[in-house]
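Reading through the structure tokens given below for one structure.
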Amino acid sequence: MSVKEANILLGGPQGAGLETTAQILTSSLAYLGYGVLADREYYSNIKGRHSYIHARISAEMIPLSLSYPVEIVGAMDSETIFTHFEDLGDGGYLIYDSSTDNRTLSSIASMEPILKNRITERLKRLGVEAKVSSLVDYLASNGRAEIVALDFPSILDTFKKRFEPEPIQASRYVSSILVGAVCGLLDIDEEAVKYGVSRRFMKKEKLIEHNVFLVNYVADYIRENYGSPYKLDNSRLSLNEMLTVMGNDVVAMAKIVGGLRYQSYYPITPASDESFFIEAFERLEVDGDSIGGIVVFQTEDEIAAITSAIGASLTGARVATATSGPGFSLMVEGLGWAGHSEVPLVITYYQRGGPSTGLPTRGGQSDLLFTLFASHGEFPRIVLASGDHIEAFYDAIEAMNYAERYQLPVIHLLDKFLANSFITMGIPDFSKIYIDRGMIVEDGEDYRRYEFNGPISPRANLGSKAVMWYTGDEHDEYGHITEDPEYRIKMYNKRMEKLDLIDKEIDPEKRAVLYGDFSADYLLVGWGFVKGVAIDSINKLRSQGLNGAYLHLKMFSPFPSSYVKSIIGSFDSDRVILVEHNYLAQAGKIVAMNTGTIIDRMIVKYTGRPIYVNELIIGIRKILEGEMRVVLSYGA
Amino acid sequence: MSVKEANILLGGPQGAGLETTAQILTSSLAYLGYGVLADREYYSNIKGRHSYIHARISAEMIPLSLSYPVEIVGAMDSETIFTHFEDLGDGGYLIYDSSTDNRTLSSIASMEPILKNRITERLKRLGVEAKVSSLVDYLASNGRAEIVALDFPSILDTFKKRFEPEPIQASRYVSSILVGAVCGLLDIDEEAVKYGVSRRFMKKEKLIEHNVFLVNYVADYIRENYGSPYKLDNSRLSLNEMLTVMGNDVVAMAKIVGGLRYQSYYPITPASDESFFIEAFERLEVDGDSIGGIVVFQTEDEIAAITSAIGASLTGARVATATSGPGFSLMVEGLGWAGHSEVPLVITYYQRGGPSTGLPTRGGQSDLLFTLFASHGEFPRIVLASGDHIEAFYDAIEAMNYAERYQLPVIHLLDKFLANSFITMGIPDFSKIYIDRGMIVEDGEDYRRYEFNGPISPRANLGSKAVMWYTGDEHDEYGHITEDPEYRIKMYNKRMEKLDLIDKEIDPEKRAVLYGDFSADYLLVGWGFVKGVAIDSINKLRSQGLNGAYLHLKMFSPFPSSYVKSIIGSFDSDRVILVEHNYLAQAGKIVAMNTGTIIDRMIVKYTGRPIYVNELIIGIRKILEGEMRVVLSYGA
Amino acid sequence: MVLKPSHYKSNVWIDWCPGCGDFGITAAMYRAFSELNLDPAKTVVVSGIGCSGKTPHFLNVNGVHTLHGRAIPFAVGIKLANPELTVVVNGGDGDLLGIGSGHFVAVGRRNIDILIILHNNGVYGLTKGQASPTLSKGVLTKSLSKPNIQDAVNPIALALASGYTFVARGYSMLAEHLKNLIIAGIEHRGTAFIDVLQPCVTYNDIHTVEFYRKRVYNLEDEGWSPDVKGEEQETNKKLLAAWEKSLEWGDRIPIGIFYRNTGISTFEDRLSEEIPIYKISPPSKQIISDEKGRTLIDREIFRKIFRDYIIIRKQER
Amino acid sequence: MVLKPSHYKSNVWIDWCPGCGDFGITAAMYRAFSELNLDPAKTVVVSGIGCSGKTPHFLNVNGVHTLHGRAIPFAVGIKLANPELTVVVNGGDGDLLGIGSGHFVAVGRRNIDILIILHNNGVYGLTKGQASPTLSKGVLTKSLSKPNIQDAVNPIALALASGYTFVARGYSMLAEHLKNLIIAGIEHRGTAFIDVLQPCVTYNDIHTVEFYRKRVYNLEDEGWSPDVKGEEQETNKKLLAAWEKSLEWGDRIPIGIFYRNTGISTFEDRLSEEIPIYKISPPSKQIISDEKGRTLIDREIFRKIFRDYIIIRKQER
Ligand SMILES: Cc1ncc(C[n+]2csc(CCOP(=O)(O)OP(=O)(O)O)c2C)c(N)n1
Ligand SMILES: Cc1ncc(C[n+]2csc(CCOP(=O)(O)OP(=O)(O)O)c2C)c(N)n1
Ligand code: SF4
Ligand code: SF4
Ligand SMILES: [Mg+2]
Ligand SMILES: [Mg+2]
């Protein structure tokens, strides 16, 4: 027997090697051609709080979404068992450290009191003592789960006897026990294990040897004692090469490919990993030769991040900055200057759970309306949101092209879900990529930066032969201050008419994409990371006889109003459902503002955790049965 | 013969005493019971650029709006003549300094080249040489205007001979020449002049004596030589006492009356005058006794302004901060913290011409959408806009009440038009004023700042007997950080449900006010300073047989959706017209977002100058004749 | 009733990395607060964002965990509105000297009576170890991919240049000494600053406990006298001496009070001069209406206060 | 071709108040630029907001009139992206030392090769005369309704504490001297700062031309030697001497170069070490695509650069 896909959850304390586990597994699986999507959930904490990885592995496709229950829960510690035992599907496998059998729930200091109370209540209702062994027994005894009890310390002892690792490091091998157990259950072969481990530890031969041993040792044990209940089908994916990347990485790669030459940033979760990635490639070396150089500049704050990026852009460099909510809030004044002064600028915006500091390491989509109207006064901007890793790649390059072509700020909206989830994907299609730097001029006798010749004036850079002026005040064609009312109107119009130009030039079907067709029974409307789970849920429901479609909104400014109106308008209003990661259903507000159509049915989630297929399906059914608003809440 | 109202325009270089002129005139007129509205237009400049005061004086009412042409143009300098000669109505009076007859247009360095070119063109077309004397002759000869030619230097000589003022001061008497001329034309009596001058120079007997002399001297001359063509009717206003105030002053007074105890600010036009006003009353002395004390704190920037105000609010003080666009852009992150942490806070927001530095000393209404969605994430806020000085007074107090009652930030939207226009108005009606501090508790065993008992938890202050925690992270009832999903939903809902509570508690008819009735032929929809000109234009048009109504939007969050929808819905869609001081017709977007009704006819103005009755009337007619969008542009 | 140090510990689980220097700072605060017998309800700990930013949650006094870099202006607002409160700011080096350095400089011009404690660990802890403004050029901690390209700011020198009237340095592992500094800082009337050397065990493998153990010495042990007595001459002398000491960083790192000047008026004093009732009745304490919600200022008082803006109409002719 | 000072004057009408010290600063800039024969197209004047903020419009070189307090980070971005440009910042005291002081401090840690000119007039000019951060406590200018309640920050001391490698003071009415300072500041490799005493005739009736005329003296005339030669010892000595001088403010006010250290690498140098091609081919100069708009990085190069992220599938079994 074998399976087409497997869902797994691995949990443990922050800082204890969970990421290593995920990287090894993903590499091994990719090596065998499987598609993987893995979400990382963690607290705003460096060490000790509960974190976990939730993944889907598929032999048929690159997974677009996640779902519960899972087939395997791998627990590094007892907090994971208590937190996730109900995430395990009937008959699923719980991997845990049997040496912790005597741990009680109350002894777990790192668990939030609120959650502890809730679990206590739950266990009471189930009649289970709040102790690891009791919970495990309960799961085993009523056939709820298969228990893979591994005595971690004794496994490590065996291992230590053989390899004598430095004492301080021994604990860091725990993650390999989990990897091994999973490899056993999925029947990942030795070659793949070796591949995965080698990639993780790159050239560190000793570490590789140790960990390969440990993984295989545990995997063999599992195979012997449990078989491989989730042995995966051979992959049917056609990719021969795969990128294994997080969302941050994908965007960073795209920026590098797209010619980014200056990125400023101030550290912030979950945006800064992108900047570190780019910095690692600052020399842009190929076979020892440099083909360019990228300045990645850590500023003193986000105000300096955006204003220095603007400065750099004025010299003609292709620039961007990357941030998250609190950082963007500080960039608002600079954004206005860029919009007013017609500066090409990309802001890569990773949304997290707001408001304020909010849930800084969790996901959300609650900043859309803010990005559309941020900064005082009116100026044109592009707001573009990506739905998955692949979209993010192409969009990141388009964003830079748009910024230069239209000489304005482009806000590229992403979120923590995407930023921090691993995926395996194909290498981008280079035939779809191009670079558009807009209208650039070099020399400049009597150069006028804001020459009136339509919304776009030819751009000369600081350092070219032209002399020019910029100011945040209203200005004349040269960039000098003017308060003249007639000029004011002309210059204001010139700026604002960019929106009409863009609306004309960029195909509405690129700005909003319909998955499915008009004959569907219902229409989901969403954006960003909702895409995957929406499409998968629709597919699931289709197999249950419900035919749905998904309207994926990508560009919010300028908004493809008539196209969207026509699509939404062709569905009965009680069959149109917003799906968003926020409270207000913000995209719905933008639809209403632009089309006059109020969508009043919505499925929303704002716990900071992604929307899962299992809950979205239920949500859709509820709405189709007459509920107006469903608030989702699944996930620890 | 006498008139019911008079419109005048007085111009001169910034820093040359125009404000003095306006203050003296307003006081004199108020003393005689007339209603005055006077707008001040000036460049972002300290000395030398052209500025002017445009006023309406009425014997029948407190004027709500301004209009062109005017009956009197008083020119301190030749720039005023060239800039405003076409603002003068047929047969109107031009007061000017005949010693400048030889000044040519091209010699005026302070005039913007763009404007200079335009005037040159215009004069060419009129066949007039670009010289003061030629222009004056042209106006006189074809009967376009009556010319009041005063030789300023020789008048000053006469005066100097009599009083021997210090040489440096003589030039500062120029403003009194203008006052005198206007007083002559309007026939303002000596007692009133004396009153006006005395109030301006308070107790400085010598200055009073000098200026009274000069004003009367000129006024007498005018009466003798020109009569008093605009002798005003006796006032029919019933007020026995009048406040003569600018918008800034009114709001400051309201805040003082309303119990403000801490105001932080960073200097910015046109907001900081409000703070200076409050500071002048920091001791709150009545008959020598202090009845309170207000800390007015000039911070290092607007970030410190908002965050220190939040800090002060946490101690239980009634707090506010006042700013304009660029300052608000910097406050966005702090705003989110206040919303998230449920802190009572008023931000008095004076809009000016954006985007960016924009037209920093001109007016606008382009920040509405920004205030509604500023800061990342979602949290409740109130956004309230005032339409005139009187509304501003009551609203400023309500804003503080709302902030404390609902424990949230309240953004009180005003604009430069209001801030910098003088008005005469009655003393507020104290029976309409009350103070509501919301639910405050004093002691606190096991106090929970965010106790779950509906959207509003009883508030204890720092310094009370309770101990409490605040954080910008998502938190539990105590204010400690939590990332628990179930708690997250509860706390998030608690915050957001404030909007429903407010929507229930505050009468929609207070949030949107209909002037006129449903039987009207057309409906104007506007907000803020548009109110006066909208109502006056409707009245004007009514006398021409067109019956209109005006829907005045006052609260944008929470928006009185069904009330507004019902009003707008009862008009034919081609008879509903947005009137706004911005490009996008932003209030229209909010109407669409909340009601699904797109209003697609609009009259907008974004030159930074107010909308005038004369142009609005034309605009309305154009729309009723089928135009979709009218962009107004009157005013230098 | 005297409260024991343990009373100042809240029941929130402390989620700093085991061994983090922040534990030492917090412990010193518990002890200092206990020795001063601070009323938890009249004490406010204000923090920014970072590992250091979590501090208030671990203390059983009022806590205000604010925004990255903004702890100082929040604290200033709290203090000005209710000067009877004891206000302590805890901030990271990124927090106070990077994004927040504008406020750090500005508060020096005011001498508001608060204590600012810098958690100086050389890194941005909570965002995973980027170089903070106190990390020197060329230093390569394990969290960095290449040596630091920016130079370090000198917190002591900067505080002195900004006008702080109490400038000190402590070390988180010397809790008794740090406790005494905190007590002195709280007792100082004016803006007090303590630069606390705080090992970050997870990201900074240069400025470790080992590193500091060898280098740190106590200024007092060398007879250092930080106190300004009297005239400007003396102020300048002490200031310069402190500046000189602030440059000492290498084999020997001084801790203790570098500079203290009690002769400068606090901002609260200055406000009292402007507004005589300020101290008895600061903004937080004033009553602004009667029980029925009527304003203190009624029509008559309004007419008196704003008489300069009121025009009484000329009697009808 | 040598450009005369008048060439650097733009044709925009200068709308400062007659007699304003800003005229002197601008005139000194015209002359310094002329002596250096700067190419207007390769020179950028960056300003904040305020009376001082208008400066770029009056100069016939590239001008970037930015946001209040943000001139420094704008300038930093310009310089880093195109290090061949001469970049000069003009800012007010509110601008650079109030709202912008965080950037003022931060740039000191980098030693980026720009010159910063402070228009120090003691007031917020363009917003009508509020006290700026350089106005001392108790001072009552005619624009204030009561004596200043905040103390002054010392620009020279702050710049020294922040790591500036060239710190000077000029006086706007001594144009020749100021011109020389500007030349020295531009020629200095690293972050240079000139505190220019600038009378505001409209709002500041304390710090007038008369006031300065009596007090200002030239450091050079007293044999002051600001230059650090060599080791750290010397750096600290010069730094301390400069700090001491910075405290001199009263009957005698020194102008001239307080401190200069040419031994610190510029940020641009440091970047070149990281990215060898940086100086020849900085961000502004790089070609990122071919004429057809194809990316420099094609599929093959992509596979090479990112090979660590690419997994080649196991050959089919
Ligand atoms: C405006 C803003 N920018 C960035 C962040 C992200 N952030 C969180 S903690 C932190 C740095 C913390 O470093 P430090 O202040 O040194 O404190 P530590 O963690 O070292 O105690 C940053 C940049 C934020 N919360 N807000
Ligand atoms: C963010 C922001 N806050 C406030 C202002 C208003 N503002 C304009 S100029 C100015 C002060 C200028 O003072 P200073 O920097 O000393 O320059 P000066 O006019 O004296 O040359 C201020 C506060 C602004 N433009 N932007
Ligand atoms: S990351 Fe460093 S500063 Fe933060 S808790 Fe861990 S050891 Fe402490
Ligand atoms: S206000 Fe002062 S600084 Fe501004 S232009 Fe006038 S004199 Fe100069
Ligand atoms: Mg730190
Ligand atoms: Mg200034």
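Starting from 1 in every chain, residues are counted up; chains themselves are A, B, ... following the order of the structure tokens, and ligands are numbered from 1 as listed.
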
Item to complete: Using only C-alpha atoms, find which residues of chain A lie within 10 Å of chain C and jot them down as a PyMOL selection string.
Response: chain A and resi 15+44-49+109-113+266-270+272-273+276+279-280+297-304+326-327+356-357

Dump of N, CA, C and O atoms for the selected residues, as a tab-separated table (two decimals), in the first residue's frame:
chain	number	residue	atom	x	y	z
A	15	GLY	N	14.11	27.04	18.81
A	15	GLY	CA	15.56	27.02	18.99
A	15	GLY	C	16.14	25.63	19.19
A	15	GLY	O	17.33	25.48	19.46
A	44	SER	N	6.90	34.79	19.22
A	44	SER	CA	7.86	35.89	19.22
A	44	SER	C	8.78	35.66	20.41
A	44	SER	O	8.59	36.20	21.50
A	45	ASN	N	9.76	34.82	20.19
A	45	ASN	CA	10.60	34.32	21.28
A	45	ASN	C	11.81	33.68	20.63
A	45	ASN	O	11.75	33.16	19.53
A	46	ILE	N	12.94	33.72	21.32
A	46	ILE	CA	14.14	33.14	20.74
A	46	ILE	C	14.32	31.69	21.13
A	46	ILE	O	14.67	30.85	20.31
A	47	LYS	N	14.07	31.38	22.37
A	47	LYS	CA	14.28	30.00	22.82
A	47	LYS	C	13.22	29.57	23.80
A	47	LYS	O	12.95	30.27	24.77
A	48	GLY	N	12.66	28.43	23.57
A	48	GLY	CA	11.88	27.78	24.61
A	48	GLY	C	10.39	27.69	24.38
A	48	GLY	O	9.74	26.78	24.89
A	49	ARG	N	9.82	28.63	23.63
A	49	ARG	CA	8.37	28.55	23.42
A	49	ARG	C	8.05	27.51	22.35
A	49	ARG	O	8.90	27.18	21.52
A	109	ALA	N	6.36	24.78	31.90
A	109	ALA	CA	6.38	26.22	32.20
A	109	ALA	C	6.19	27.06	30.95
A	109	ALA	O	5.63	28.16	30.99
A	110	SER	N	6.64	26.55	29.83
A	110	SER	CA	6.63	27.38	28.62
A	110	SER	C	5.24	27.48	27.99
A	110	SER	O	5.03	28.30	27.11
A	111	MET	N	4.32	26.67	28.45
A	111	MET	CA	2.99	26.72	27.83
A	111	MET	C	2.18	27.88	28.39
A	111	MET	O	2.19	28.14	29.59
A	112	GLU	N	1.46	28.56	27.51
A	112	GLU	CA	0.65	29.68	27.98
A	112	GLU	C	-0.43	29.20	28.94
A	112	GLU	O	-1.11	28.21	28.66
A	113	PRO	N	-0.60	29.89	30.06
A	113	PRO	CA	-1.61	29.48	31.05
A	113	PRO	C	-2.99	29.28	30.43
A	113	PRO	O	-3.71	28.35	30.79
A	266	TYR	N	15.46	47.70	7.81
A	266	TYR	CA	15.69	47.69	9.25
A	266	TYR	C	15.12	46.36	9.72
A	266	TYR	O	14.05	45.97	9.26
A	267	PRO	N	15.82	45.67	10.61
A	267	PRO	CA	15.38	44.31	10.94
A	267	PRO	C	13.94	44.26	11.43
A	267	PRO	O	13.54	45.05	12.30
A	268	ILE	N	13.20	43.34	10.89
A	268	ILE	CA	11.84	43.10	11.38
A	268	ILE	C	11.34	41.75	10.86
A	268	ILE	O	11.58	41.41	9.70
A	269	THR	N	10.68	41.04	11.73
A	269	THR	CA	10.06	39.78	11.36
A	269	THR	C	8.76	40.10	10.64
A	269	THR	O	8.02	40.96	11.13
A	270	PRO	N	8.41	39.44	9.60
A	270	PRO	CA	9.13	38.37	8.90
A	270	PRO	C	9.76	38.87	7.61
A	270	PRO	O	9.85	38.12	6.65
A	272	SER	N	12.98	40.57	7.36
A	272	SER	CA	14.42	40.78	7.20
A	272	SER	C	15.17	39.61	6.60
A	272	SER	O	16.22	39.80	5.99
A	273	ASP	N	14.63	38.41	6.72
A	273	ASP	CA	15.32	37.27	6.09
A	273	ASP	C	15.54	37.51	4.59
A	273	ASP	O	16.54	37.09	4.03
A	276	PHE	N	18.69	39.50	4.26
A	276	PHE	CA	19.90	38.71	4.53
A	276	PHE	C	20.22	37.83	3.34
A	276	PHE	O	21.39	37.65	2.98
A	279	GLU	N	21.81	39.96	0.77
A	279	GLU	CA	23.15	40.35	1.19
A	279	GLU	C	24.15	39.20	0.95
A	279	GLU	O	25.30	39.43	0.57
A	280	ALA	N	23.68	37.99	1.16
A	280	ALA	CA	24.58	36.85	0.94
A	280	ALA	C	25.02	36.79	-0.52
A	280	ALA	O	26.03	36.17	-0.84
A	297	PHE	N	21.67	47.61	2.84
A	297	PHE	CA	22.05	48.61	3.84
A	297	PHE	C	21.11	48.54	5.05
A	297	PHE	O	19.92	48.79	4.92
A	298	GLN	N	21.68	48.18	6.18
A	298	GLN	CA	20.89	48.16	7.42
A	298	GLN	C	20.87	49.56	8.01
A	298	GLN	O	21.89	50.08	8.44
A	299	THR	N	19.72	50.17	8.03
A	299	THR	CA	19.61	51.56	8.46
A	299	THR	C	19.30	51.65	9.95
A	299	THR	O	19.11	50.64	10.61
A	300	GLU	N	19.20	52.86	10.44
A	300	GLU	CA	18.93	53.07	11.86
A	300	GLU	C	17.45	52.93	12.20
A	300	GLU	O	17.08	52.77	13.36
A	301	ASP	N	16.60	53.01	11.21
A	301	ASP	CA	15.17	52.81	11.41
A	301	ASP	C	14.51	52.71	10.04
A	301	ASP	O	15.18	52.82	9.01
A	302	GLU	N	13.21	52.52	10.03
A	302	GLU	CA	12.53	52.36	8.75
A	302	GLU	C	12.37	53.68	8.02
A	302	GLU	O	12.18	53.71	6.81
A	303	ILE	N	12.41	54.78	8.75
A	303	ILE	CA	12.33	56.07	8.09
A	303	ILE	C	13.57	56.24	7.21
A	303	ILE	O	13.49	56.66	6.06
A	304	ALA	N	14.70	55.88	7.77
A	304	ALA	CA	15.94	55.96	6.99
A	304	ALA	C	15.95	54.90	5.89
A	304	ALA	O	16.51	55.11	4.82
A	326	PRO	N	4.78	47.41	11.37
A	326	PRO	CA	5.29	48.54	12.16
A	326	PRO	C	6.30	49.37	11.36
A	326	PRO	O	6.32	50.60	11.47
A	327	GLY	N	7.11	48.69	10.58
A	327	GLY	CA	8.06	49.41	9.76
A	327	GLY	C	7.38	50.24	8.70
A	327	GLY	O	7.72	51.41	8.48
A	356	SER	N	-0.73	47.07	15.76
A	356	SER	CA	0.45	47.38	16.55
A	356	SER	C	1.43	46.21	16.51
A	356	SER	O	1.58	45.57	15.48
A	357	THR	N	2.09	45.91	17.61
A	357	THR	CA	3.04	44.80	17.57
A	357	THR	C	2.30	43.49	17.34
A	357	THR	O	2.81	42.57	16.69

Worksheet entry | Non-local contacts of C:Val88 (8 Å; only C-alpha atoms; under 6 positions in same chain excluded) as a ChimeraX atom specification | /C:43-46,75,114-117,186

Fill in: Test item: chain A residues at most 6 Å from chain B, counting only C-alpha atoms, as a ChimeraX atom specification
/A:325,329,332-333,336-337,354-358,366-367,370,373-378,472-474,485,488,589,592-593,596-598,607

Would you output that residue set with N, CA and C atoms, as a JSON list (two decimals), in the first residue's frame?
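Writing done, so here's out-v1.json:
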[["chain", "number", "residue", "atom", "x", "y", "z"],
["A", 325, "GLY", "N", 4.45, 45.45, 9.00],
["A", 325, "GLY", "CA", 3.54, 46.49, 9.46],
["A", 325, "GLY", "C", 4.15, 47.65, 10.23],
["A", 329, "SER", "N", 4.47, 51.47, 8.84],
["A", 329, "SER", "CA", 3.81, 52.61, 9.49],
["A", 329, "SER", "C", 4.76, 53.80, 9.61],
["A", 332, "VAL", "N", 5.46, 55.90, 6.09],
["A", 332, "VAL", "CA", 4.35, 56.55, 5.42],
["A", 332, "VAL", "C", 4.68, 57.95, 4.90],
["A", 333, "GLU", "N", 5.42, 58.70, 5.68],
["A", 333, "GLU", "CA", 5.74, 60.05, 5.23],
["A", 333, "GLU", "C", 6.67, 59.98, 4.01],
["A", 336, "GLY", "N", 4.90, 59.17, 0.79],
["A", 336, "GLY", "CA", 4.24, 60.32, 0.18],
["A", 336, "GLY", "C", 5.21, 61.16, -0.64],
["A", 337, "TRP", "N", 6.41, 61.31, -0.11],
["A", 337, "TRP", "CA", 7.41, 62.09, -0.86],
["A", 337, "TRP", "C", 7.72, 61.39, -2.18],
["A", 354, "GLY", "N", -1.60, 42.02, 13.08],
["A", 354, "GLY", "CA", -1.68, 43.33, 13.72],
["A", 354, "GLY", "C", -2.84, 43.34, 14.67],
["A", 355, "PRO", "N", -3.26, 44.49, 15.16],
["A", 355, "PRO", "CA", -2.62, 45.80, 14.97],
["A", 355, "PRO", "C", -1.42, 45.96, 15.92],
["A", 356, "SER", "N", -0.73, 47.07, 15.76],
["A", 356, "SER", "CA", 0.45, 47.38, 16.55],
["A", 356, "SER", "C", 1.43, 46.21, 16.51],
["A", 357, "THR", "N", 2.09, 45.91, 17.61],
["A", 357, "THR", "CA", 3.04, 44.80, 17.57],
["A", 357, "THR", "C", 2.30, 43.49, 17.34],
["A", 358, "GLY", "N", 1.08, 43.42, 17.83],
["A", 358, "GLY", "CA", 0.17, 42.34, 17.48],
["A", 358, "GLY", "C", 0.71, 40.95, 17.75],
["A", 366, "SER", "N", -4.13, 42.06, 7.15],
["A", 366, "SER", "CA", -4.98, 43.14, 7.64],
["A", 366, "SER", "C", -4.43, 44.53, 7.30],
["A", 367, "ASP", "N", -3.50, 44.58, 6.37],
["A", 367, "ASP", "CA", -2.88, 45.88, 6.07],
["A", 367, "ASP", "C", -3.24, 46.41, 4.69],
["A", 370, "PHE", "N", -4.74, 49.93, 4.55],
["A", 370, "PHE", "CA", -3.69, 50.85, 4.96],
["A", 370, "PHE", "C", -2.74, 51.16, 3.78],
["A", 373, "PHE", "N", -4.07, 53.64, 1.18],
["A", 373, "PHE", "CA", -4.31, 55.05, 1.49],
["A", 373, "PHE", "C", -3.25, 55.66, 2.39],
["A", 374, "ALA", "N", -2.18, 54.95, 2.60],
["A", 374, "ALA", "CA", -1.15, 55.44, 3.51],
["A", 374, "ALA", "C", -0.53, 56.73, 3.00],
["A", 375, "SER", "N", -0.31, 57.64, 3.89],
["A", 375, "SER", "CA", 0.26, 58.96, 3.68],
["A", 375, "SER", "C", -0.82, 59.99, 3.35],
["A", 376, "HIS", "N", -0.56, 61.18, 3.84],
["A", 376, "HIS", "CA", -1.50, 62.27, 3.63],
["A", 376, "HIS", "C", -1.48, 62.72, 2.17],
["A", 377, "GLY", "N", -2.60, 63.22, 1.74],
["A", 377, "GLY", "CA", -2.69, 63.70, 0.36],
["A", 377, "GLY", "C", -2.87, 62.57, -0.63],
["A", 378, "GLU", "N", -2.97, 62.94, -1.88],
["A", 378, "GLU", "CA", -3.28, 61.98, -2.93],
["A", 378, "GLU", "C", -2.13, 61.87, -3.91],
["A", 472, "GLY", "N", 9.36, 68.12, -1.96],
["A", 472, "GLY", "CA", 8.07, 67.60, -1.53],
["A", 472, "GLY", "C", 6.96, 68.64, -1.62],
["A", 473, "ASP", "N", 7.35, 69.88, -1.85],
["A", 473, "ASP", "CA", 6.36, 70.93, -2.10],
["A", 473, "ASP", "C", 5.81, 70.77, -3.52],
["A", 474, "GLU", "N", 4.66, 71.34, -3.76],
["A", 474, "GLU", "CA", 4.18, 71.36, -5.15],
["A", 474, "GLU", "C", 5.21, 72.12, -5.96],
["A", 485, "PRO", "N", -2.02, 78.28, -8.56],
["A", 485, "PRO", "CA", -3.17, 77.37, -8.65],
["A", 485, "PRO", "C", -3.28, 76.65, -10.00],
["A", 488, "ARG", "N", -0.67, 74.05, -10.17],
["A", 488, "ARG", "CA", -1.04, 73.03, -9.20],
["A", 488, "ARG", "C", -1.97, 72.00, -9.85],
["A", 589, "LYS", "N", -14.13, 45.55, 0.94],
["A", 589, "LYS", "CA", -14.34, 47.00, 1.02],
["A", 589, "LYS", "C", -13.84, 47.68, -0.26],
["A", 592, "ALA", "N", -16.24, 47.04, -3.03],
["A", 592, "ALA", "CA", -17.41, 47.90, -2.89],
["A", 592, "ALA", "C", -17.09, 49.33, -3.32],
["A", 593, "MET", "N", -15.97, 49.81, -2.87],
["A", 593, "MET", "CA", -15.56, 51.18, -3.18],
["A", 593, "MET", "C", -15.43, 51.41, -4.68],
["A", 596, "GLY", "N", -19.16, 49.34, -6.37],
["A", 596, "GLY", "CA", -20.49, 49.54, -5.81],
["A", 596, "GLY", "C", -21.15, 48.24, -5.40],
["A", 597, "THR", "N", -20.44, 47.14, -5.53],
["A", 597, "THR", "CA", -21.01, 45.86, -5.12],
["A", 597, "THR", "C", -20.54, 45.51, -3.72],
["A", 598, "ILE", "N", -21.50, 45.41, -2.82],
["A", 598, "ILE", "CA", -21.12, 45.00, -1.47],
["A", 598, "ILE", "C", -21.27, 43.49, -1.36],
["A", 607, "THR", "N", -6.53, 34.62, 13.56],
["A", 607, "THR", "CA", -5.77, 34.08, 14.70],
["A", 607, "THR", "C", -4.28, 34.12, 14.43]]

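Distance-wise, atom CA of A:Tyr470 and atom CA of A:Gly311 end up 10.7 Å apart.
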
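You can rank B:Ile620, B:Val215, B:Arg459, B:Gly17 by their closest distance to B:Gly196 using only C-alpha atoms, and at the top of that list sits B:Val215.
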